[in-house]
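A.B. asks: Got query02.txt for you, compact mmCIF, C-alpha atoms and all ligand atoms:
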# COMPACT_ATOMS: atom_id res chain seq x y z
CA MET R 1 -59.89 35.79 118.60
CA LEU R 2 -62.54 33.04 118.83
CA SER R 3 -61.85 29.61 117.35
CA MET R 4 -64.11 28.45 114.51
CA ASP R 5 -65.70 25.92 116.89
CA ALA R 6 -66.57 28.69 119.37
CA ARG R 7 -68.08 30.81 116.60
CA ASP R 8 -70.14 27.88 115.35
CA LEU R 9 -71.36 27.25 118.90
CA ILE R 10 -72.55 30.84 119.33
CA ASP R 11 -74.19 30.70 115.90
CA ASP R 12 -75.90 27.38 116.72
CA LEU R 13 -77.26 28.82 119.97
CA ALA R 14 -78.77 31.79 118.15
CA GLU R 15 -80.24 29.39 115.59
CA VAL R 16 -81.93 27.24 118.25
CA LEU R 17 -83.58 30.33 119.77
CA VAL R 18 -85.10 31.22 116.34
CA VAL R 19 -85.99 34.88 117.05
CA PRO R 20 -82.41 36.13 117.44
CA SER R 21 -81.51 34.04 114.42
CA PHE R 22 -84.19 35.16 111.97
CA THR R 23 -84.11 38.88 112.85
CA ARG R 24 -81.41 41.38 111.91
CA LEU R 25 -79.71 40.47 115.19
CA GLY R 26 -78.81 37.05 113.75
CA PHE R 27 -77.49 38.54 110.55
CA GLY R 28 -75.35 41.12 112.37
CA LEU R 29 -74.05 38.53 114.82
CA ARG R 30 -72.94 36.14 112.07
CA ARG R 31 -71.42 38.82 109.87
CA HIS R 32 -69.38 39.96 112.86
CA LEU R 33 -68.49 36.41 114.04
CA TYR R 34 -67.27 35.17 110.67
CA GLY R 35 -66.01 38.43 109.18
CA TRP R 36 -67.66 37.79 105.81
CA PRO R 37 -66.58 39.57 102.64
CA GLU R 38 -69.44 41.73 101.32
CA ALA R 39 -71.68 39.65 99.05
CA GLU R 40 -71.37 42.24 96.29
CA SER R 41 -67.58 41.78 96.30
CA TYR R 42 -67.96 38.45 94.47
CA PRO R 43 -67.59 39.21 90.76
CA MET R 44 -70.20 37.96 88.31
CA ALA R 45 -69.00 39.55 85.10
CA GLY R 46 -69.83 37.39 82.10
CA ARG R 47 -72.32 35.28 84.09
CA THR R 48 -76.03 35.22 83.32
CA VAL R 49 -78.58 35.01 86.13
CA VAL R 50 -82.26 34.15 85.61
CA LEU R 51 -84.08 35.76 88.53
CA THR R 52 -87.80 35.28 89.22
CA GLY R 53 -89.74 37.88 91.22
CA PRO R 54 -87.36 40.82 90.59
CA THR R 55 -90.08 43.49 90.81
CA SER R 56 -90.41 43.72 94.60
CA GLY R 57 -88.77 43.07 97.96
CA LEU R 58 -85.95 40.55 98.04
CA GLY R 59 -85.93 39.99 94.29
CA ARG R 60 -85.61 43.70 93.62
CA ALA R 61 -82.73 44.02 96.10
CA ALA R 62 -81.02 41.00 94.54
CA ALA R 63 -81.42 42.40 91.02
CA GLY R 64 -79.64 45.60 92.10
CA SER R 65 -76.82 43.62 93.70
CA PHE R 66 -76.37 41.25 90.76
CA ALA R 67 -76.21 44.25 88.45
CA ARG R 68 -73.49 45.87 90.58
CA MET R 69 -71.62 42.52 90.65
CA GLY R 70 -71.52 42.65 86.85
CA ALA R 71 -73.98 39.84 86.05
CA ASN R 72 -76.19 39.80 82.99
CA LEU R 73 -79.77 39.58 84.19
CA VAL R 74 -82.85 37.82 82.91
CA LEU R 75 -85.72 39.34 84.87
CA VAL R 76 -88.73 37.01 84.98
CA GLY R 77 -91.96 38.58 86.26
CA ARG R 78 -95.69 38.32 85.72
CA ASP R 79 -96.42 41.95 84.85
CA ALA R 80 -94.78 43.50 81.77
CA GLY R 81 -95.16 47.06 83.09
CA ARG R 82 -93.58 46.33 86.48
CA LEU R 83 -90.79 44.41 84.75
CA GLU R 84 -90.00 47.30 82.42
CA ARG R 85 -89.97 49.78 85.32
CA THR R 86 -87.61 47.50 87.22
CA ARG R 87 -85.34 47.24 84.20
CA ALA R 88 -85.33 51.03 83.70
CA ASP R 89 -84.52 51.60 87.39
CA LEU R 90 -81.68 49.07 87.23
CA LEU R 91 -80.25 50.79 84.15
CA ALA R 92 -80.39 54.13 85.95
CA GLU R 93 -78.65 52.67 89.03
CA THR R 94 -76.05 50.65 87.12
CA PRO R 95 -75.59 52.13 83.64
CA GLY R 96 -74.65 49.51 81.06
CA VAL R 97 -76.16 46.55 82.90
CA GLU R 98 -77.44 43.86 80.54
CA ALA R 99 -81.01 43.13 81.63
CA THR R 100 -83.54 41.18 79.57
CA THR R 101 -87.17 41.00 80.65
CA VAL R 102 -89.33 37.92 80.19
CA VAL R 103 -92.98 37.72 81.24
CA ALA R 104 -94.11 34.63 83.14
CA ASP R 105 -96.78 33.91 85.70
CA MET R 106 -94.96 31.26 87.72
CA ALA R 107 -98.32 29.71 88.63
CA SER R 108 -99.14 29.01 84.98
CA LEU R 109 -97.30 26.11 83.37
CA ALA R 110 -98.14 27.36 79.87
CA SER R 111 -96.77 30.79 80.72
CA VAL R 112 -93.58 29.31 82.23
CA ARG R 113 -93.05 27.09 79.18
CA SER R 114 -93.37 30.01 76.84
CA ALA R 115 -90.97 32.09 79.01
CA ALA R 116 -88.42 29.26 79.03
CA ALA R 117 -88.61 28.99 75.24
CA GLU R 118 -88.06 32.76 74.98
CA ILE R 119 -85.05 32.60 77.32
CA LEU R 120 -83.50 29.73 75.34
CA ASP R 121 -84.11 31.67 72.16
CA ARG R 122 -82.63 34.95 73.39
CA LEU R 123 -79.84 33.91 75.77
CA PRO R 124 -76.92 31.85 74.50
CA ARG R 125 -75.58 31.32 78.01
CA LEU R 126 -77.06 30.62 81.41
CA ASP R 127 -75.18 30.16 84.68
CA VAL R 128 -77.53 30.71 87.62
CA ILE R 129 -81.26 30.31 88.19
CA VAL R 130 -82.67 32.03 91.28
CA ASP R 131 -86.17 30.79 92.11
CA ASN R 132 -87.33 33.69 94.26
CA ALA R 133 -90.93 34.52 93.24
CA GLY R 134 -93.33 33.66 96.02
CA THR R 135 -96.68 34.48 97.48
CA MET R 136 -98.98 33.74 100.42
CA LEU R 137 -102.69 33.85 99.63
CA PRO R 138 -105.54 34.45 102.11
CA THR R 139 -107.96 32.11 100.32
CA ARG R 140 -107.66 29.06 98.12
CA GLU R 141 -107.17 29.96 94.47
CA VAL R 142 -106.44 27.77 91.49
CA SER R 143 -103.93 28.27 88.72
CA PRO R 144 -104.87 28.35 85.02
CA GLU R 145 -104.20 24.59 84.87
CA GLY R 146 -106.36 23.97 87.96
CA PHE R 147 -103.68 23.52 90.64
CA GLU R 148 -103.77 25.17 94.07
CA ARG R 149 -102.06 28.46 93.31
CA THR R 150 -99.42 28.60 96.06
CA PHE R 151 -98.21 25.10 95.18
CA ALA R 152 -98.24 25.97 91.48
CA THR R 153 -96.22 29.17 92.04
CA THR R 154 -93.71 27.66 94.46
CA VAL R 155 -93.29 24.14 93.14
CA LEU R 156 -94.77 23.35 89.72
CA GLY R 157 -93.85 26.53 87.83
CA PRO R 158 -90.23 26.63 89.07
CA PHE R 159 -89.86 22.90 88.30
CA VAL R 160 -90.91 23.47 84.69
CA LEU R 161 -88.66 26.53 84.39
CA VAL R 162 -85.58 24.65 85.63
CA ALA R 163 -86.44 21.54 83.62
CA ARG R 164 -86.74 23.53 80.39
CA LEU R 165 -83.61 25.61 81.02
CA LEU R 166 -81.53 22.67 82.17
CA PRO R 167 -79.82 21.92 78.83
CA ARG R 168 -78.46 25.50 78.78
CA LEU R 169 -77.62 25.50 82.50
CA VAL R 170 -75.53 22.31 82.40
CA ALA R 171 -73.40 23.87 79.65
CA SER R 172 -72.14 26.45 82.16
CA PRO R 173 -68.79 25.71 83.82
CA ASP R 174 -70.22 27.00 87.11
CA ALA R 175 -73.94 26.17 87.08
CA ARG R 176 -75.99 26.98 90.16
CA LEU R 177 -79.61 26.78 91.23
CA VAL R 178 -80.70 28.81 94.26
CA ALA R 179 -84.21 28.47 95.70
CA VAL R 180 -85.57 31.03 98.14
CA THR R 181 -87.60 29.22 100.74
CA SER R 182 -88.95 30.20 104.15
CA GLY R 183 -88.25 29.24 107.76
CA GLY R 184 -92.03 28.80 107.89
CA MET R 185 -91.52 25.44 106.20
CA TYR R 186 -90.15 24.09 109.49
CA THR R 187 -93.66 24.13 110.95
CA GLN R 188 -95.26 21.73 108.47
CA SER R 189 -94.82 18.36 106.88
CA LEU R 190 -96.04 17.70 103.36
CA PRO R 191 -99.05 15.44 102.81
CA LEU R 192 -97.96 13.67 99.63
CA ASP R 193 -101.52 12.47 99.05
CA ASP R 194 -102.95 16.02 99.18
CA LEU R 195 -100.48 18.25 97.32
CA GLY R 196 -103.38 20.34 96.02
CA TYR R 197 -104.71 21.07 99.52
CA GLU R 198 -108.13 19.56 98.77
CA ARG R 199 -108.70 18.30 102.31
CA GLY R 200 -109.60 20.38 105.35
CA ASP R 201 -110.17 24.12 105.73
CA TYR R 202 -107.76 26.15 103.65
CA ASN R 203 -105.17 28.14 105.57
CA GLY R 204 -102.89 30.35 103.45
CA ALA R 205 -99.95 30.28 105.87
CA LEU R 206 -100.15 26.50 106.06
CA ALA R 207 -100.38 26.14 102.28
CA TYR R 208 -97.32 28.41 102.00
CA ALA R 209 -95.33 26.39 104.56
CA ARG R 210 -96.19 23.10 102.84
CA ALA R 211 -95.24 24.46 99.43
CA LYS R 212 -91.94 25.80 100.78
CA ARG R 213 -91.16 22.40 102.28
CA ALA R 214 -91.90 20.79 98.92
CA GLN R 215 -89.65 23.37 97.22
CA VAL R 216 -86.73 22.41 99.48
CA ALA R 217 -87.38 18.69 98.99
CA LEU R 218 -87.23 19.22 95.22
CA VAL R 219 -83.99 21.18 95.49
CA ARG R 220 -82.52 18.18 97.29
CA GLU R 221 -83.70 15.99 94.42
CA TRP R 222 -82.26 18.36 91.80
CA ALA R 223 -78.95 18.31 93.68
CA ARG R 224 -78.88 14.52 93.94
CA ARG R 225 -79.88 13.96 90.33
CA LEU R 226 -77.56 16.62 88.88
CA ARG R 227 -74.47 15.87 90.96
CA GLY R 228 -72.74 14.25 87.97
CA ALA R 229 -73.77 17.11 85.69
CA GLY R 230 -71.90 19.76 87.66
CA VAL R 231 -74.98 21.72 88.75
CA VAL R 232 -74.96 22.88 92.36
CA ALA R 233 -78.50 23.27 93.82
CA ASN R 234 -79.22 24.80 97.21
CA ALA R 235 -82.05 26.43 99.10
CA MET R 236 -81.79 29.39 101.45
CA HIS R 237 -84.21 31.23 103.66
CA PRO R 238 -83.83 34.93 104.32
CA GLY R 239 -84.94 35.04 107.95
CA TRP R 240 -87.56 37.77 108.38
CA ALA R 241 -87.01 40.68 106.03
CA ASP R 242 -88.88 43.93 105.61
CA THR R 243 -90.54 43.61 102.19
CA PRO R 244 -93.90 44.52 100.63
CA GLY R 245 -94.65 40.79 100.51
CA LEU R 246 -94.16 40.27 104.23
CA GLU R 247 -96.20 43.37 105.06
CA ALA R 248 -99.05 42.27 102.77
CA SER R 249 -99.20 38.64 103.89
CA LEU R 250 -98.45 38.98 107.61
CA PRO R 251 -99.09 42.63 108.60
CA GLY R 252 -99.48 41.86 112.32
CA PHE R 253 -96.25 39.89 112.37
CA ALA R 254 -94.36 42.62 110.52
CA LYS R 255 -95.58 45.15 113.10
CA VAL R 256 -94.57 43.00 116.09
CA VAL R 257 -91.07 42.27 114.79
CA GLY R 258 -90.87 45.86 113.51
CA SER R 259 -87.41 47.39 113.67
CA GLN R 260 -85.86 43.95 114.20
CA LEU R 261 -86.80 42.86 110.66
CA ARG R 262 -83.85 42.45 108.35
CA SER R 263 -83.44 44.85 105.47
CA ALA R 264 -84.01 43.35 102.02
CA ALA R 265 -80.24 43.60 101.43
CA GLU R 266 -79.59 41.53 104.56
CA GLY R 267 -82.29 39.08 103.48
CA VAL R 268 -80.62 38.41 100.13
CA ASP R 269 -77.03 38.16 101.37
CA THR R 270 -77.02 34.35 101.37
CA MET R 271 -78.80 34.20 98.01
CA LEU R 272 -76.01 36.31 96.45
CA TRP R 273 -73.34 34.28 98.22
CA LEU R 274 -74.81 30.99 96.98
CA ALA R 275 -75.02 32.38 93.45
CA ALA R 276 -71.54 33.85 93.31
CA ALA R 277 -69.04 32.84 95.99
CA PRO R 278 -66.42 30.24 95.01
CA ASP R 279 -66.67 28.54 98.43
CA ALA R 280 -70.46 28.17 98.09
CA ARG R 281 -69.88 25.70 95.25
CA SER R 282 -68.62 23.05 97.66
CA SER R 283 -72.14 22.32 99.00
CA THR R 284 -75.13 21.00 97.15
CA GLY R 285 -78.58 19.88 98.28
CA ARG R 286 -78.42 21.94 101.48
CA LEU R 287 -80.57 24.57 103.19
CA PHE R 288 -78.77 27.77 104.18
CA LEU R 289 -79.36 30.69 106.46
CA ASP R 290 -76.65 33.31 106.77
CA ARG R 291 -74.08 31.41 104.71
CA ARG R 292 -74.22 28.26 106.86
CA ALA R 293 -76.06 25.01 106.17
CA ARG R 294 -78.93 24.46 108.63
CA PRO R 295 -81.12 21.49 109.53
CA PHE R 296 -83.97 20.57 107.19
CA ASP R 297 -86.25 19.71 110.09
CA ARG R 298 -86.91 21.10 113.54
CA VAL R 299 -90.33 19.78 114.46
CA PRO R 300 -90.94 16.06 115.08
CA GLY R 301 -93.03 14.41 112.39
CA THR R 302 -92.24 16.94 109.65
CA ARG R 303 -89.27 15.16 108.06
CA LEU R 304 -89.57 13.99 104.45
CA SER R 305 -87.59 10.80 103.90
CA ALA R 306 -85.49 10.18 100.79
CA THR R 307 -88.27 7.91 99.53
CA ALA R 308 -90.86 10.65 100.13
CA ARG R 309 -88.71 13.16 98.27
CA ALA R 310 -88.40 10.81 95.29
CA THR R 311 -92.19 10.27 95.38
CA LEU R 312 -92.71 14.03 95.37
CA TRP R 313 -90.42 14.33 92.34
CA ASP R 314 -92.43 11.68 90.47
CA SER R 315 -95.70 13.41 91.41
CA VAL R 316 -94.42 16.75 90.14
CA VAL R 317 -93.26 15.17 86.87
CA GLN R 318 -96.71 13.65 86.50
CA LEU R 319 -98.67 16.80 87.48
CA THR R 320 -96.69 19.01 85.11
CA SER R 321 -96.66 16.39 82.29
CA GLU R 322 -93.02 17.34 81.90
CA PRO R 323 -90.65 14.61 80.69
CA ASP R 324 -88.34 13.71 83.59
CA PRO R 325 -85.48 16.19 83.01
CA THR R 326 -82.90 13.99 84.75
CA SER R 327 -81.49 10.70 83.65
CA GLU R 328 -82.44 9.02 86.95
CA PRO R 329 -83.76 5.54 86.15
N1 LIG W 1 -89.66 38.75 103.34
C1 LIG W 1 -89.46 37.73 104.14
O1 LIG W 1 -89.26 37.88 105.36
C2 LIG W 1 -89.46 36.34 103.60
C3 LIG W 1 -89.31 35.29 104.52
C4 LIG W 1 -89.26 33.99 104.05
C5 LIG W 1 -89.32 33.74 102.68
N2 LIG W 1 -89.49 34.78 101.81
C6 LIG W 1 -89.56 34.44 100.39
O2 LIG W 1 -88.79 35.36 99.65
C7 LIG W 1 -89.30 35.48 98.32
C8 LIG W 1 -89.48 36.94 97.99
O3 LIG W 1 -90.48 37.46 98.87
P1 LIG W 1 -90.61 39.00 99.25
O4 LIG W 1 -90.72 39.05 100.72
O5 LIG W 1 -89.57 39.77 98.54
O6 LIG W 1 -92.07 39.28 98.65
P2 LIG W 1 -92.61 40.39 97.62
O7 LIG W 1 -92.13 41.73 98.01
O8 LIG W 1 -94.09 40.16 97.57
O9 LIG W 1 -91.97 39.95 96.23
C9 LIG W 1 -92.41 38.77 95.63
C10 LIG W 1 -92.02 38.73 94.18
O10 LIG W 1 -92.53 37.52 93.62
C11 LIG W 1 -93.30 37.85 92.48
N3 LIG W 1 -94.39 36.90 92.25
C12 LIG W 1 -95.35 36.51 93.12
N4 LIG W 1 -96.17 35.64 92.53
C13 LIG W 1 -95.73 35.47 91.26
C14 LIG W 1 -96.17 34.71 90.15
N5 LIG W 1 -97.26 33.93 90.20
N6 LIG W 1 -95.47 34.79 89.00
C15 LIG W 1 -94.38 35.58 88.90
N7 LIG W 1 -93.93 36.33 89.91
C16 LIG W 1 -94.59 36.28 91.07
C17 LIG W 1 -93.83 39.24 92.75
O11 LIG W 1 -94.23 39.85 91.54
P3 LIG W 1 -95.24 41.11 91.50
O12 LIG W 1 -94.39 42.34 91.70
O13 LIG W 1 -95.82 41.00 90.14
O14 LIG W 1 -96.24 40.91 92.60
C18 LIG W 1 -92.60 39.87 93.38
O15 LIG W 1 -91.68 40.27 92.39
C19 LIG W 1 -90.58 34.67 98.30
O16 LIG W 1 -90.36 33.38 97.77
C20 LIG W 1 -90.95 34.56 99.77
O17 LIG W 1 -91.74 33.43 100.05
C21 LIG W 1 -89.56 36.06 102.24
Mind turning the file's structure into structure tokens?
Ligand SMILES: NC(=O)c1ccc[n+]([C@@H]2O[C@H](COP(=O)([O-])OP(=O)(O)OC[C@H]3O[C@@H](n4cnc5c(N)ncnc54)[C@H](OP(=O)(O)O)[C@@H]3O)[C@@H](O)[C@H]2O)c1
C.D. replies:
Amino acid sequence: MLSMDARDLIDDLAEVLVVPSFTRLGFGLRRHLYGWPEAESYPMAGRTVVLTGPTSGLGRAAAGSFARMGANLVLVGRDAGRLERTRADLLAETPGVEATTVVADMASLASVRSAAAEILDRLPRLDVIVDNAGTMLPTREVSPEGFERTFATTVLGPFVLVARLLPRLVASPDARLVAVTSGGMYTQSLPLDDLGYERGDYNGALAYARAKRAQVALVREWARRLRGAGVVANAMHPGWADTPGLEASLPGFAKVVGSQLRSAAEGVDTMLWLAAAPDARSSTGRLFLDRRARPFDRVPGTRLSATARATLWDSVVQLTSEPDPTSEP
């Protein structure tokens, strides 16, 4: 039987080598090393989860798991038809599941505000927000309010959603925020003076990596600012998982990694754990892969200081015209 230190050492070695960590190899290794309970074994009866992006890939897998765990679901998606099909499929899989659908384009602040108002109106209780919706675009697009679309979808929309739902979330005795980021964020820093990617030739993968780094920086700010309010906020990345989104945005990559891609169920394991496991409540403001906190930075020059993170927060408050949802002076 290996000591915990020996297990951590093996895990850290896999993590440093990246490929064995992000593929299904890493997931299998860690599950075996640590002997995890199945994520779906954590009960969520009586708890309400707001899940963005439930109509495909990781979000769809997570919706199925949350339903089996007994959670009440608020499915937030941009297409009413796809949302209703997802809801019908969930009901067929898990009869009796409580699933409410709410339409929101996460890139549109007006749409997110209206969705948040609808959620507050319809749901008396809210325990977990999972910010999962995400996209990588081949060319630069702008959101209805004129922001670069990847940044709007990944950063501005989720900020408004959490800000508006916060009064209901803090009322929960076990409030959690889980943001789904990407290991791709390790490759980029965030130019705080060019959040809208106005400068230079647009590169969709780069825009995605920057936005994911900003998303994690904001999660750290949420965690810091909400520590006294009992809300636990963490980010996780799924490694590389076989989803329609990955295939559409990086088809060559998906082909190369091929059978070594994680399944969607493996990709969402840590999301479910962060949302439901009692021991996951002891960490806040961290970035997880496979149920263990990982470094925020791997590449020199990409780190965002505490001051930079606070500046980002202020910029997002200003760009969204949202009143600062925290009491931070
Ligand atoms: N798969 C991976 O290996 C991987 C790796 C790192 C990070 N991630 C992250 O994991 C999350 C899920 O990705 P996935 O691989 O499951 O991709 P996916 O199959 O494309 O699913 C993405 C989901 O996000 C929704 N979405 C996209 N843009 C939206 C918008 N503007 N408003 C509302 N919903 C929107 C999609 O809705 P529609 O059905 O309407 O398109 C879909 O439900 C993303 O944040 C992604 O960046 C994935």
A.B. asks: Could you list, as JSON, numbers by chain, every residue within 10 Å of R:Arg68, counting all atoms listed in the file and ignoring same-chain residues fewer than 5 positions away?
C.D. replies: {"R": [40, 41, 43, 44, 45, 62, 63, 90, 93, 94, 95, 97]}
A.B. asks: Quick one: what's the axis-aligned box for ligand LIG 1 (chain W), all listed atoms, 3 Å on every side, centre and edges in Å to one decimal, as AutoDock Vina command-line options?
C.D. replies:
--center_x -93.0 --center_y 37.9 --center_z 97.1 --size_x 14.5 --size_y 15.0 --size_z 22.5
A.B. asks: Can I get the residues close to ligand LIG 1 (chain W) as a ChimeraX atom specification, where close means within 8 Å and we count all atoms listed in the file?
C.D. replies: /R:52-60,76-79,82,104-108,131-136,149,153-154,180-184,208,212,237-246,248,261-262,264,267
A.B. asks: Counting all atoms listed in the file, what is within 6 Å of stretch 168-174 of chain R, bar same-chain residues fewer than 2 positions away, as a ChimeraX atom specification?
C.D. replies: /R:126-127,165-166
A.B. asks: Could you check which residues have any atom within 12 Å of (-84.1, 19.6, 110.0), counting only C-alpha atoms with coordinates taken straight from the file, and then list them as a count of residues only?
C.D. replies: 27
A.B. asks: Of the candidates R:Ile129, R:Arg87, R:Leu2, R:Val316, which shows the shortest atom-to-atom distance to R:Ala275, using only C-alpha atoms?
C.D. replies: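 Closest candidate: R:Ile129.
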A.B. asks: Which distance in Å separates atom CA of R:Leu83 and atom CA of R:Ala61, to one decimal?
C.D. replies: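 Rounded to one decimal, the two atoms are 13.9 Å apart.
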A.B. asks: What's the separation between atom CA of R:Gly28 and atom CA of R:Ala71, in Å to one decimal place?
C.D. replies: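 Computing it gives 26.4 Å between the two atoms.
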A.B. asks: Can you work out which one of R:Glu247, R:Ala116, R:Gln260, R:Gly96 has the shortest atom-to-atom distance to R:Ala163, counting all atoms listed in the file?
C.D. replies: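 Residue with the minimum atom-to-atom distance to R:Ala163: R:Ala116.
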A.B. asks: What residues have an atom no more than 6 Å from (-80.5, 38.7, 85.7) in the file's own frame, counting only C-alpha atoms, and can you write them as a PDB file with C-alpha atoms, keeping the file's coordinate frame?
C.D. replies:
ATOM      1  CA  VAL R  49     -78.580  35.010  86.130  1.00  0.00           C
ATOM      2  CA  VAL R  50     -82.260  34.150  85.610  1.00  0.00           C
ATOM      3  CA  LEU R  51     -84.080  35.760  88.530  1.00  0.00           C
ATOM      4  CA  ASN R  72     -76.190  39.800  82.990  1.00  0.00           C
ATOM      5  CA  LEU R  73     -79.770  39.580  84.190  1.00  0.00           C
ATOM      6  CA  VAL R  74     -82.850  37.820  82.910  1.00  0.00           C
ATOM      7  CA  LEU R  75     -85.720  39.340  84.870  1.00  0.00           C
TER       8      LEU R  75
END
A.B. asks: Closest to R:Leu156 among R:Leu312, R:Leu272, R:Ala80, R:Leu13, using all atoms listed in the file?
C.D. replies: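 Smallest distance to R:Leu156 is found for R:Leu312.
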A.B. asks: Would you mind reading off the distance between atom CA of R:Ala6 and atom CA of R:Thr284, one decimal, in Å?
C.D. replies: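 Between atom CA of R:Ala6 and atom CA of R:Thr284 the gap is 25.0 Å.
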A.B. asks: Restricting the calculation to only C-alpha atoms, which member of R:Gln318, R:Ser3, R:Thr86, R:Thr48 is positioned closest to R:Ile119?
C.D. replies: R:Thr48
A.B. asks: Show which residues sit within 10 Å of R:Leu137, as a ChimeraX atom specification. Count all atoms listed in the file, and ignore same-chain residues fewer than 3 positions away.
C.D. replies: /R:140-141,149-150,203-205,207-208,248-249
A.B. asks: Take the selection from the previous step and output its residues with C-alpha atoms, as a PDB file, in the frame of the given file.
C.D. replies:
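This is the output file again.pdb:
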ATOM      1  CA  ARG R 140    -107.660  29.060  98.120  1.00  0.00           C
ATOM      2  CA  GLU R 141    -107.170  29.960  94.470  1.00  0.00           C
ATOM      3  CA  ARG R 149    -102.060  28.460  93.310  1.00  0.00           C
ATOM      4  CA  THR R 150     -99.420  28.600  96.060  1.00  0.00           C
ATOM      5  CA  ASN R 203    -105.170  28.140 105.570  1.00  0.00           C
ATOM      6  CA  GLY R 204    -102.890  30.350 103.450  1.00  0.00           C
ATOM      7  CA  ALA R 205     -99.950  30.280 105.870  1.00  0.00           C
ATOM      8  CA  ALA R 207    -100.380  26.140 102.280  1.00  0.00           C
ATOM      9  CA  TYR R 208     -97.320  28.410 102.000  1.00  0.00           C
ATOM     10  CA  ALA R 248     -99.050  42.270 102.770  1.00  0.00           C
ATOM     11  CA  SER R 249     -99.200  38.640 103.890  1.00  0.00           C
TER      12      SER R 249
END
A.B. asks: Just checking: using all atoms listed in the file, which residue out of R:Arg176, R:Arg309, R:Arg225, R:Arg7 ends up closest to R:Arg31?
C.D. replies: R:Arg7
A.B. asks: Nearest to R:Pro325: which of R:Gly35, R:Pro167, R:Gly146, R:Gly70 is it, counting all atoms listed in the file?
C.D. replies: R:Pro167
